[in-house]
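Engineer: What follows is final.cif; its format and atoms are mmCIF, C-alpha atoms.
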```
data_upload
#
loop_
_atom_site.group_PDB
_atom_site.id
_atom_site.type_symbol
_atom_site.label_atom_id
_atom_site.label_comp_id
_atom_site.auth_asym_id
_atom_site.auth_seq_id
_atom_site.Cartn_x
_atom_site.Cartn_y
_atom_site.Cartn_z
ATOM 1 C CA MET X 1 33.427 149.717 157.965
ATOM 2 C CA CYS X 2 33.385 152.748 155.738
ATOM 3 C CA MET X 3 33.171 156.416 156.412
ATOM 4 C CA ASN X 4 32.387 158.411 153.265
ATOM 5 C CA ASN X 5 33.241 155.297 151.202
ATOM 6 C CA GLU X 6 36.699 155.046 152.799
ATOM 7 C CA CYS X 7 37.904 152.400 155.182
ATOM 8 C CA ILE X 8 37.997 153.441 158.819
ATOM 9 C CA THR X 9 41.773 152.931 158.713
ATOM 10 C CA LYS X 10 41.959 156.310 156.931
ATOM 11 C CA ASN X 11 40.560 157.967 160.056
ATOM 12 C CA ALA X 12 43.400 159.630 162.038
ATOM 13 C CA LEU X 13 42.049 158.120 165.243
ATOM 14 C CA PHE X 14 42.561 154.619 163.889
ATOM 15 C CA SER X 15 46.346 154.934 163.921
ATOM 16 C CA LYS X 16 46.332 156.454 167.386
ATOM 17 C CA ILE X 17 43.830 154.122 169.040
ATOM 18 C CA ILE X 18 44.585 150.866 167.235
ATOM 19 C CA LEU X 19 48.228 150.976 166.110
ATOM 20 C CA ASP X 20 49.969 153.280 168.593
ATOM 21 C CA GLU X 21 52.406 151.204 170.648
ATOM 22 C CA ASP X 22 51.976 153.242 173.852
ATOM 23 C CA ILE X 23 48.190 152.901 173.704
ATOM 24 C CA LEU X 24 48.512 149.176 172.987
ATOM 25 C CA LYS X 25 50.794 148.723 176.005
ATOM 26 C CA ILE X 26 48.135 150.311 178.223
ATOM 27 C CA THR X 27 45.492 148.035 176.697
ATOM 28 C CA ARG X 28 47.811 145.070 177.232
ATOM 29 C CA GLN X 29 48.158 145.841 180.943
ATOM 30 C CA TYR X 30 44.397 146.207 181.271
ATOM 31 C CA MET X 31 43.827 142.893 179.506
ATOM 32 C CA ILE X 32 46.371 141.147 181.750
ATOM 33 C CA SER X 33 44.563 142.423 184.828
ATOM 34 C CA LYS X 34 41.132 141.354 183.540
ATOM 35 C CA THR X 35 41.776 138.010 181.845
ATOM 36 C CA LYS X 36 40.904 134.834 183.703
ATOM 37 C CA LYS X 37 42.449 132.429 181.181
ATOM 38 C CA LYS X 38 45.881 131.422 182.409
ATOM 39 C CA THR X 39 47.283 130.710 178.920
ATOM 40 C CA LYS X 40 46.084 134.092 177.622
ATOM 41 C CA LYS X 41 47.570 135.858 180.661
ATOM 42 C CA ILE X 42 50.939 134.136 180.154
ATOM 43 C CA SER X 43 50.926 135.076 176.460
ATOM 44 C CA LEU X 44 50.177 138.734 177.250
ATOM 45 C CA GLN X 45 52.782 138.907 180.034
ATOM 46 C CA SER X 46 55.655 137.652 177.899
ATOM 47 C CA ALA X 47 58.587 140.105 177.808
ATOM 48 C CA THR X 48 58.981 139.519 174.078
ATOM 49 C CA MET X 49 55.453 139.182 172.801
ATOM 50 C CA GLU X 50 54.870 137.577 169.445
ATOM 51 C CA ASN X 51 53.142 139.548 166.720
ATOM 52 C CA LYS X 52 50.189 137.181 167.093
ATOM 53 C CA ALA X 53 49.566 138.552 170.601
ATOM 54 C CA TRP X 54 49.906 142.153 169.399
ATOM 55 C CA ARG X 55 47.388 141.454 166.618
ATOM 56 C CA TYR X 56 44.981 140.042 169.190
ATOM 57 C CA ILE X 57 45.284 143.234 171.240
ATOM 58 C CA CYS X 58 44.714 145.377 168.130
ATOM 59 C CA TYR X 59 41.617 143.384 167.141
ATOM 60 C CA LYS X 60 40.255 143.645 170.681
ATOM 61 C CA GLN X 61 41.008 147.376 170.801
ATOM 62 C CA PHE X 62 39.276 147.959 167.459
ATOM 63 C CA THR X 63 36.213 145.982 168.490
ATOM 64 C CA LEU X 64 35.897 147.934 171.729
ATOM 65 C CA TRP X 65 36.417 151.259 169.938
ATOM 66 C CA VAL X 66 33.737 150.838 167.276
ATOM 67 C CA ASN X 67 31.274 148.824 169.356
ATOM 68 C CA SER X 68 31.536 150.570 172.713
ATOM 69 C CA TRP X 69 27.751 150.850 172.820
ATOM 70 C CA MET X 70 27.114 147.108 172.774
ATOM 71 C CA PRO X 71 28.370 144.146 174.780
ATOM 72 C CA ILE X 72 30.777 141.870 172.921
ATOM 73 C CA GLY X 73 31.603 138.334 173.965
ATOM 74 C CA ARG X 74 30.751 134.703 173.493
ATOM 75 C CA GLY X 75 27.655 134.472 171.333
ATOM 76 C CA ASN X 76 27.815 138.158 170.386
ATOM 77 C CA ARG X 77 30.623 138.624 167.858
ATOM 78 C CA VAL X 78 31.265 141.292 165.260
ATOM 79 C CA VAL X 79 33.068 141.132 161.931
ATOM 80 C CA ILE X 80 36.255 143.174 161.672
ATOM 81 C CA PRO X 81 36.489 144.799 158.217
ATOM 82 C CA ALA X 82 39.108 143.337 155.863
ATOM 83 C CA CYS X 83 40.863 146.704 155.519
ATOM 84 C CA VAL X 84 41.346 146.794 159.312
ATOM 85 C CA VAL X 85 42.651 143.222 159.428
ATOM 86 C CA LYS X 86 45.049 144.076 156.576
ATOM 87 C CA LYS X 87 46.458 147.146 158.384
ATOM 88 C CA ILE X 88 46.943 145.217 161.613
ATOM 89 C CA ARG X 89 48.631 142.332 159.794
ATOM 90 C CA GLU X 90 50.916 144.790 158.000
ATOM 91 C CA ARG X 91 51.943 146.276 161.353
ATOM 92 C CA TYR X 92 52.324 142.913 163.135
ATOM 93 C CA PRO X 93 53.023 140.339 160.407
ATOM 94 C CA GLU X 94 53.297 136.607 160.870
ATOM 95 C CA GLU X 95 56.795 135.419 159.967
ATOM 96 C CA ASN X 96 55.577 132.679 157.649
ATOM 97 C CA GLY X 97 52.803 134.833 156.159
ATOM 98 C CA LEU X 98 50.113 132.355 157.209
ATOM 99 C CA TYR X 99 47.200 133.553 159.331
ATOM 100 C CA ILE X 100 44.296 131.864 161.057
ATOM 101 C CA GLY X 101 41.056 133.777 160.841
ATOM 102 C CA PHE X 102 38.497 134.069 163.595
ATOM 103 C CA GLN X 103 37.486 130.769 165.146
ATOM 104 C CA ASN X 104 34.327 130.680 167.213
ATOM 105 C CA GLN X 105 35.177 128.561 170.238
#
```
Just give me the structure as structure tokens.
Structural biologist:
Amino acid sequence: MCMNNECITKNALFSKIILDEDILKITRQYMISKTKKKTKKISLQSATMENKAWRYICYKQFTLWVNSWMPIGRGNRVVIPACVVKKIRERYPEENGLYIGFQNQ
């Protein structure tokens, strides 16, 4: 997603909305209250969350931010730009450096 041929990660709002820890904690609490999947709820409630869970929250937050005008869910997915994925992975890296991309379930 580009704005004036630059990745949206250059937008000042990106850092605040997607990477700011306080904002992510609020999003986390909201997601805990709304999720119906027990395993997802347990993962989000962990006192020491893994970076994988923080990345999930960032991806969800980004998707909601840029697609607030359309419903997102099963059967209606959007692609997250590579520059966004890169920034999120830099902030919340996987210890072994291996990542699993989106899997449509």
Engineer: Find the distance between CA of Cys83 (chain X) and CA of Arg55 (chain X) and write it in Å to one decimal.
Structural biologist: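 Between CA of Cys83 (chain X) and CA of Arg55 (chain X) the gap is 13.9 Å.
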Engineer: Pick out the residues sitting within 10 Å of Met31 (chain X), and hand them over as an MDAnalysis selection string; count only C-alpha atoms, and ignore anything fewer than 3 positions along from it in its own chain.
Structural biologist: chainID X and resid 25:28 34:36 40:41 44:45 57 60
Engineer: Could you check which of X:Glu90, X:Cys7, X:Gln61, X:Asn51 is closest to Ile23 (chain X), using only C-alpha atoms?
Structural biologist: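 Using only C-alpha atoms, Ile23 (chain X) sits closest to X:Gln61.
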Engineer: Determine the residue membership of the PyMOL selection byres ((chain X and resi 8) around 12) for the file above and supply it as a VMD selection string.
Structural biologist: chain X and resid 1 to 7 9 to 15 17 to 18 62 65 to 66 80 to 87
Engineer: Under the rule that all atoms listed in the file are counted, which of X:Lys37, X:Tyr92, X:Val78, X:Ser68 is the nearest residue to Met49 (chain X)?
Structural biologist: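 Of all the options, X:Tyr92 lies closest to Met49 (chain X).
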